[in-house]
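Student: My structure is stored as target_18.csv, with CSV, C-alpha atoms.
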chain,number,residue,atom,x,y,z
U,186,MET,CA,19.8,-20.8,86.7
U,187,ASP,CA,21.0,-17.3,87.6
U,188,GLN,CA,24.4,-15.8,86.7
U,189,ASN,CA,26.0,-16.7,90.0
U,190,GLU,CA,25.0,-20.4,89.8
U,191,LEU,CA,26.2,-20.6,86.2
U,192,SER,CA,29.7,-19.2,87.2
U,193,HIS,CA,30.1,-21.9,89.8
U,194,THR,CA,29.3,-24.7,87.3
U,195,LEU,CA,31.7,-23.5,84.6
U,196,ASP,CA,35.3,-24.8,84.9
U,197,TYR,CA,37.9,-22.3,83.6
U,198,ASN,CA,41.6,-23.0,82.9
U,199,THR,CA,42.5,-19.9,85.0
U,200,SER,CA,41.1,-21.7,88.1
U,201,ARG,CA,42.9,-24.9,87.4
U,202,GLU,CA,46.4,-26.1,88.2
U,203,ARG,CA,49.1,-24.4,86.2
U,204,LEU,CA,50.5,-26.6,83.4
U,205,ALA,CA,54.3,-27.3,83.6
U,206,MET,CA,54.4,-28.0,79.9
U,207,PRO,CA,51.5,-26.1,78.2
U,208,GLU,CA,52.4,-27.4,74.8
U,209,TYR,CA,51.1,-30.8,75.6
U,210,GLY,CA,47.8,-29.7,77.0
U,211,ARG,CA,45.7,-30.6,80.1
U,212,ASN,CA,44.7,-34.1,78.7
U,213,VAL,CA,48.3,-35.3,78.9
U,214,LEU,CA,48.5,-34.0,82.5
U,215,LYS,CA,45.4,-36.1,83.3
U,216,MET,CA,47.1,-39.2,81.7
U,217,VAL,CA,50.2,-38.6,83.8
U,218,GLU,CA,48.2,-38.3,87.0
U,219,GLN,CA,46.3,-41.5,86.2
U,220,LEU,CA,49.5,-43.5,85.4
U,221,LYS,CA,51.1,-42.2,88.7
U,222,ALA,CA,48.1,-43.8,90.5
U,223,ILE,CA,48.8,-47.3,89.0
U,224,PRO,CA,50.1,-49.5,91.8
U,225,ASP,CA,52.0,-52.0,89.6
U,226,LYS,CA,55.3,-50.6,88.5
U,227,ALA,CA,55.5,-52.7,85.3
U,228,LYS,CA,52.0,-51.6,84.3
U,229,ARG,CA,52.9,-48.0,85.2
U,230,THR,CA,56.0,-48.2,83.0
U,231,GLU,CA,54.0,-49.5,80.1
U,232,GLN,CA,51.5,-46.7,80.4
U,233,ALA,CA,54.4,-44.2,80.7
U,234,ARG,CA,55.8,-45.3,77.4
U,235,ALA,CA,52.3,-44.9,75.8
U,236,VAL,CA,52.1,-41.4,77.1
U,237,VAL,CA,55.5,-40.6,75.7
U,238,LYS,CA,54.2,-41.7,72.3
U,239,VAL,CA,51.2,-39.4,72.6
U,240,MET,CA,53.5,-36.5,73.6
U,241,GLU,CA,55.6,-37.3,70.5
U,242,LEU,CA,52.5,-37.0,68.3
U,243,LEU,CA,51.4,-33.7,69.9
U,244,ASN,CA,54.8,-32.2,69.6
U,245,PRO,CA,56.2,-33.4,66.3
U,246,GLN,CA,58.8,-30.6,66.0
U,247,VAL,CA,60.7,-32.3,68.8
U,248,HIS,CA,62.1,-34.6,66.0
U,249,SER,CA,64.3,-31.7,64.8
U,250,GLN,CA,66.2,-31.8,68.1
U,251,ASP,CA,69.1,-34.1,69.0
U,252,ASN,CA,68.2,-37.1,71.2
U,253,PHE,CA,64.5,-36.1,71.1
U,254,GLU,CA,63.4,-39.3,72.9
U,255,HIS,CA,65.4,-38.3,75.9
U,256,LYS,CA,63.8,-34.8,75.8
U,257,LEU,CA,60.3,-36.4,75.7
U,258,TRP,CA,61.1,-38.4,78.8
U,259,ASP,CA,62.4,-35.3,80.5
U,260,HIS,CA,59.1,-33.6,79.7
U,261,LEU,CA,57.2,-36.5,81.1
U,262,TYR,CA,59.1,-36.2,84.4
U,263,MET,CA,58.5,-32.5,84.4
U,264,ILE,CA,54.7,-32.9,83.9
U,265,ALA,CA,54.7,-35.5,86.7
U,266,GLY,CA,56.4,-33.0,89.1
U,267,TYR,CA,59.7,-35.0,89.0
U,268,ASP,CA,57.9,-37.7,91.0
U,269,LEU,CA,57.4,-40.7,88.7
U,270,ASP,CA,58.6,-44.2,89.6
U,271,VAL,CA,59.0,-46.1,86.3
U,272,ASP,CA,61.7,-48.1,84.6
U,273,ALA,CA,62.5,-45.4,82.0
U,274,PRO,CA,65.4,-45.5,79.6
U,275,TYR,CA,66.6,-42.2,81.0
U,276,PRO,CA,67.0,-41.0,84.6
U,277,CYS,CA,64.7,-38.4,86.1
U,278,PRO,CA,66.2,-34.9,85.6
U,279,VAL,CA,67.0,-32.7,88.6
U,280,ALA,CA,64.3,-30.1,89.2
U,281,GLU,CA,66.8,-27.5,90.3
U,282,GLU,CA,68.5,-27.5,86.9
U,283,PHE,CA,65.2,-26.2,85.4
U,284,ALA,CA,64.3,-23.8,88.2
U,285,THR,CA,67.4,-21.6,87.9
U,286,ALA,CA,66.7,-18.0,87.1
U,287,PRO,CA,67.7,-16.7,83.6
U,288,VAL,CA,70.9,-14.8,83.3
U,289,PRO,CA,70.0,-11.1,83.0
U,290,ILE,CA,71.1,-9.4,79.8
U,291,PRO,CA,73.3,-6.4,80.4
U,292,MET,CA,71.6,-3.2,79.1
U,293,LYS,CA,73.1,0.1,78.3
U,294,GLY,CA,73.0,2.3,81.3
U,295,THR,CA,72.5,5.6,79.4
U,296,ARG,CA,69.2,6.6,77.9
U,297,ILE,CA,68.9,7.0,74.2
U,298,LYS,CA,68.4,10.7,73.4
U,299,ALA,CA,66.6,10.2,70.1
U,300,PHE,CA,65.0,6.9,69.5
U,301,HIS,CA,64.3,7.5,65.8
U,302,TYR,CA,68.0,7.8,65.2
U,303,GLY,CA,69.2,5.1,67.5
U,304,ARG,CA,72.3,4.6,69.8
U,305,ASN,CA,74.7,4.1,66.9
U,306,ILE,CA,74.1,7.7,65.7
U,307,GLU,CA,75.0,8.9,69.2
U,308,SER,CA,78.2,6.9,69.1
U,309,ILE,CA,79.2,8.4,65.7
U,310,ILE,CA,78.4,11.9,66.9
U,311,ASN,CA,80.6,11.3,70.0
U,312,LEU,CA,83.5,10.2,67.7
U,313,LEU,CA,83.0,13.3,65.5
U,314,CYS,CA,83.3,15.5,68.6
U,315,GLU,CA,86.8,14.2,69.0
U,316,GLN,CA,87.9,14.9,65.4
U,317,PRO,CA,89.9,18.0,64.6
U,318,ASP,CA,88.1,20.7,62.6
U,319,GLY,CA,88.7,20.8,58.9
U,320,GLU,CA,87.4,19.7,55.5
U,321,VAL,CA,87.4,16.0,56.4
U,322,LYS,CA,85.3,16.6,59.5
U,323,THR,CA,82.9,18.8,57.6
U,324,GLU,CA,82.3,16.1,55.0
U,325,MET,CA,81.8,13.5,57.7
U,326,ILE,CA,79.2,15.7,59.3
U,327,ARG,CA,77.5,16.2,55.9
U,328,ALA,CA,77.4,12.4,55.3
U,329,LEU,CA,76.0,11.8,58.8
U,330,ALA,CA,73.3,14.5,58.4
U,331,ILE,CA,72.2,13.0,55.0
U,332,TYR,CA,71.9,9.6,56.7
U,333,MET,CA,70.0,11.0,59.7
U,334,ARG,CA,67.6,12.8,57.3
U,335,GLN,CA,66.9,9.4,55.7
U,336,GLN,CA,66.2,7.9,59.1
U,337,TYR,CA,64.0,10.8,60.0
U,338,LEU,CA,61.9,10.3,56.9
U,339,ILE,CA,61.5,6.6,57.5
U,340,TRP,CA,59.5,7.3,60.7
U,341,ASN,CA,58.1,10.7,59.7
U,342,LYS,CA,56.9,10.9,56.1
U,343,ASP,CA,56.7,14.7,56.2
U,344,SER,CA,59.6,16.7,54.7
U,345,VAL,CA,62.3,17.9,57.1
U,346,ALA,CA,64.5,21.0,56.8
U,347,ASP,CA,68.2,20.7,56.9
U,348,GLU,CA,68.3,23.0,59.9
U,349,THR,CA,66.2,20.5,61.9
U,350,ILE,CA,68.8,17.8,61.3
U,351,PHE,CA,71.7,20.1,62.1
U,352,ALA,CA,69.9,21.1,65.3
U,353,ASP,CA,69.4,17.4,66.3
U,354,ILE,CA,73.1,16.8,65.7
U,355,GLU,CA,74.1,19.6,68.0
U,356,LYS,CA,71.5,18.6,70.6
U,357,ILE,CA,72.6,14.9,70.7
U,358,SER,CA,76.2,16.0,71.1
U,359,ASP,CA,75.2,18.2,74.0
U,360,TYR,CA,76.3,21.1,71.8
U,361,ARG,CA,79.9,19.9,71.7
U,362,LEU,CA,79.7,19.6,68.0
U,363,LYS,CA,79.0,22.7,66.0
U,364,ILE,CA,77.7,22.6,62.4
U,365,PRO,CA,80.1,24.5,60.1
U,366,GLU,CA,78.7,27.5,58.4
U,367,GLY,CA,77.6,27.2,54.8
U,368,ILE,CA,77.1,23.4,54.9
U,369,SER,CA,74.1,22.1,52.9
U,370,LEU,CA,72.7,18.7,52.1
U,371,SER,CA,71.9,17.3,48.7
U,372,LYS,CA,68.4,17.5,47.4
U,373,ILE,CA,66.1,14.5,47.8
U,374,ALA,CA,64.9,13.0,44.5
U,375,GLY,CA,61.2,13.5,43.9
U,376,ASP,CA,60.6,9.7,43.5
U,377,ALA,CA,62.5,8.8,46.7
U,378,ASN,CA,60.7,6.3,48.9
U,379,PHE,CA,61.9,5.5,52.4
U,380,SER,CA,60.4,2.4,54.1
U,381,ARG,CA,60.7,1.1,57.6
U,382,PRO,CA,62.9,-2.0,58.2
U,383,GLY,CA,61.3,-5.2,57.0
U,384,MET,CA,58.9,-3.4,54.7
U,385,GLY,CA,59.3,-3.8,50.9
U,386,ILE,CA,59.1,-0.7,48.8
U,387,ASN,CA,56.1,-0.6,46.5
U,388,VAL,CA,55.2,-4.2,47.2
U,389,GLY,CA,51.8,-5.0,45.9
U,390,GLN,CA,51.3,-1.5,44.5
U,391,PRO,CA,49.7,-1.1,41.1
U,392,GLY,CA,52.7,0.8,39.7
U,393,SER,CA,55.4,-1.5,41.1
U,394,ALA,CA,57.9,-3.0,38.6
U,395,ARG,CA,56.9,-6.5,39.5
U,396,ASN,CA,53.2,-5.9,38.8
U,397,ARG,CA,53.9,-4.1,35.6
U,398,ALA,CA,56.0,-7.0,34.4
U,399,HIS,CA,53.2,-9.4,35.3
U,400,LYS,CA,50.6,-7.3,33.5
U,401,ASN,CA,52.7,-7.0,30.3
U,402,TYR,CA,53.5,-10.7,30.3
U,403,LYS,CA,52.0,-12.5,27.3
U,404,ARG,CA,51.5,-16.3,27.4
U,405,PRO,CA,53.4,-17.9,24.5
U,406,PHE,CA,51.2,-19.0,21.6
U,407,LYS,CA,50.8,-22.7,21.6
U,408,LYS,CA,50.9,-24.3,18.1
U,409,LYS,CA,48.2,-26.8,17.3
Starting from the file, lay out its structure as structure tokens.
Tutor:
Amino acid sequence: MDQNELSHTLDYNTSRERLAMPEYGRNVLKMVEQLKAIPDKAKRTEQARAVVKVMELLNPQVHSQDNFEHKLWDHLYMIAGYDLDVDAPYPCPVAEEFATAPVPIPMKGTRIKAFHYGRNIESIINLLCEQPDGEVKTEMIRALAIYMRQQYLIWNKDSVADETIFADIEKISDYRLKIPEGISLSKIAGDANFSRPGMGINVGQPGSARNRAHKNYKRPFKKK
């Protein structure tokens, strides 16, 4: 058998009918198609109840939902293409209710100028532009620059000069905000460690406090 003949004998899911409820699999779809072909309505209803039980076993997390039995029957109707004549405890849902397009989420219209700082930093800089010059504004710029330096080091582990942060502030503000002369940032501690969101610091490292505590732990002596 050559390659072309082999490709014609294989049956791929990509060439099959699209599943309305993929979580139940194609075997449930075949069950539903077979019960739809049953001419006797009473027998068809009996088999529909059996299919619902199978769907319950295949999708046990449905039990965490309110009125889960109603949802299972809705899923059965959806798999059947909303064309199933049985004496079900619940009416067939309306297909149009499930075919509505999702409501689009409104997005910000303006482009973020510096992704590693985020949009909130831009908002803070815009507010600082409106503040009157003075000692209070200078200290606010200093605090912002220290925070921006920390965010910079989270995504770029190399050291960063204060002038780089100051230049970023002026650039993000479209040069409306000028860095006061003589301003400087506090020094970064030598053991400082900045981690990305969701990442623990020193987790699993040999020198971490947790591992040191586990290593130094001594099992209590059990008296005989």
Student: So which one's closest to U:Arg234, U:Lys221, U:Thr323, U:Trp258, U:His248? Using all atoms listed in the file, please.
Tutor: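 Looking at the shortest contact to U:Arg234, the residue is U:Trp258.
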Student: Do you know which residues are at most 10 Å from U:Leu243 counting only C-alpha atoms, after dropping those on the same chain fewer than 3 positions away, and could you put them as a PyMOL selection string?
Tutor: chain U and resi 208-210+213+237-240+246-247
Student: Give me the residues within 12 Å of U:Thr349 as a PyMOL selection string, counting only C-alpha atoms and dropping any in the same chain fewer than 2 places off.
Tutor: chain U and resi 330-331+333-334+337+344-347+351-356+364+370
Student: So the first atom is atom CA of U:Ile264 and the second is atom CA of U:Ala205; what is the distance between them in Å, to one decimal place?
Tutor: 5.6 Å
Student: Between atom CA of U:Lys322 and atom CA of U:Ile297, what is the distance, to one decimal in Å?
Tutor: 24.0 Å
Student: May I ask which of the residues U:Ala273, U:Leu362, U:Ala284, U:Met263 is the closest one to U:Glu231, counting only C-alpha atoms?
Tutor: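 Using only C-alpha atoms, the shortest distance to U:Glu231 belongs to U:Ala273.
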Student: Just how far from atom CA of U:Asp268 is atom CA of U:Ala286, in Å to one decimal?
Tutor: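 Going from atom CA of U:Ala286 over to atom CA of U:Asp268 covers 21.9 Å.
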Student: Taking into account all atoms listed in the file, which residue in the set U:Lys372, U:Arg296, U:Arg327, U:His260 is nearest to U:Val236?
Tutor: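 The answer is U:His260, which sits nearest to U:Val236.
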Student: Between U:Asp343, U:Ser369, U:Asp359, U:Leu312, which residue has the minimum interatomic distance to U:Ala328, considering only C-alpha atoms?
Tutor: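 Closest residue, counting only C-alpha atoms: U:Ser369.
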Student: With distances taken over all atoms listed in the file, which residue among U:Ser358, U:Asn341, U:Asn212, U:Thr295 lies nearest U:Glu315?
Tutor: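 For U:Glu315, the nearest of the given residues is U:Ser358.
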Student: Please, which residues are within 10 Å of (55.0, -40.2, 88.5) by the file's coordinates, counting only C-alpha atoms, and could they come as a compact mmCIF listing (two decimals) with C-alpha atoms, in the frame of the given file?
Tutor:
# COMPACT_ATOMS: atom_id res chain seq x y z
CA VAL U 217 50.20 -38.60 83.80
CA GLU U 218 48.20 -38.30 87.00
CA GLN U 219 46.30 -41.50 86.20
CA LEU U 220 49.50 -43.50 85.40
CA LYS U 221 51.10 -42.20 88.70
CA ALA U 222 48.10 -43.80 90.50
CA ILE U 223 48.80 -47.30 89.00
CA ARG U 229 52.90 -48.00 85.20
CA THR U 230 56.00 -48.20 83.00
CA ALA U 233 54.40 -44.20 80.70
CA LEU U 261 57.20 -36.50 81.10
CA TYR U 262 59.10 -36.20 84.40
CA MET U 263 58.50 -32.50 84.40
CA ILE U 264 54.70 -32.90 83.90
CA ALA U 265 54.70 -35.50 86.70
CA GLY U 266 56.40 -33.00 89.10
CA TYR U 267 59.70 -35.00 89.00
CA ASP U 268 57.90 -37.70 91.00
CA LEU U 269 57.40 -40.70 88.70
CA ASP U 270 58.60 -44.20 89.60
CA VAL U 271 59.00 -46.10 86.30
Student: Nearest residue to U:Pro276 out of U:Lys256, U:Pro289, U:Leu313, U:Glu307, using only C-alpha atoms?
Tutor: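 For U:Pro276, the nearest of the candidates is U:Lys256.
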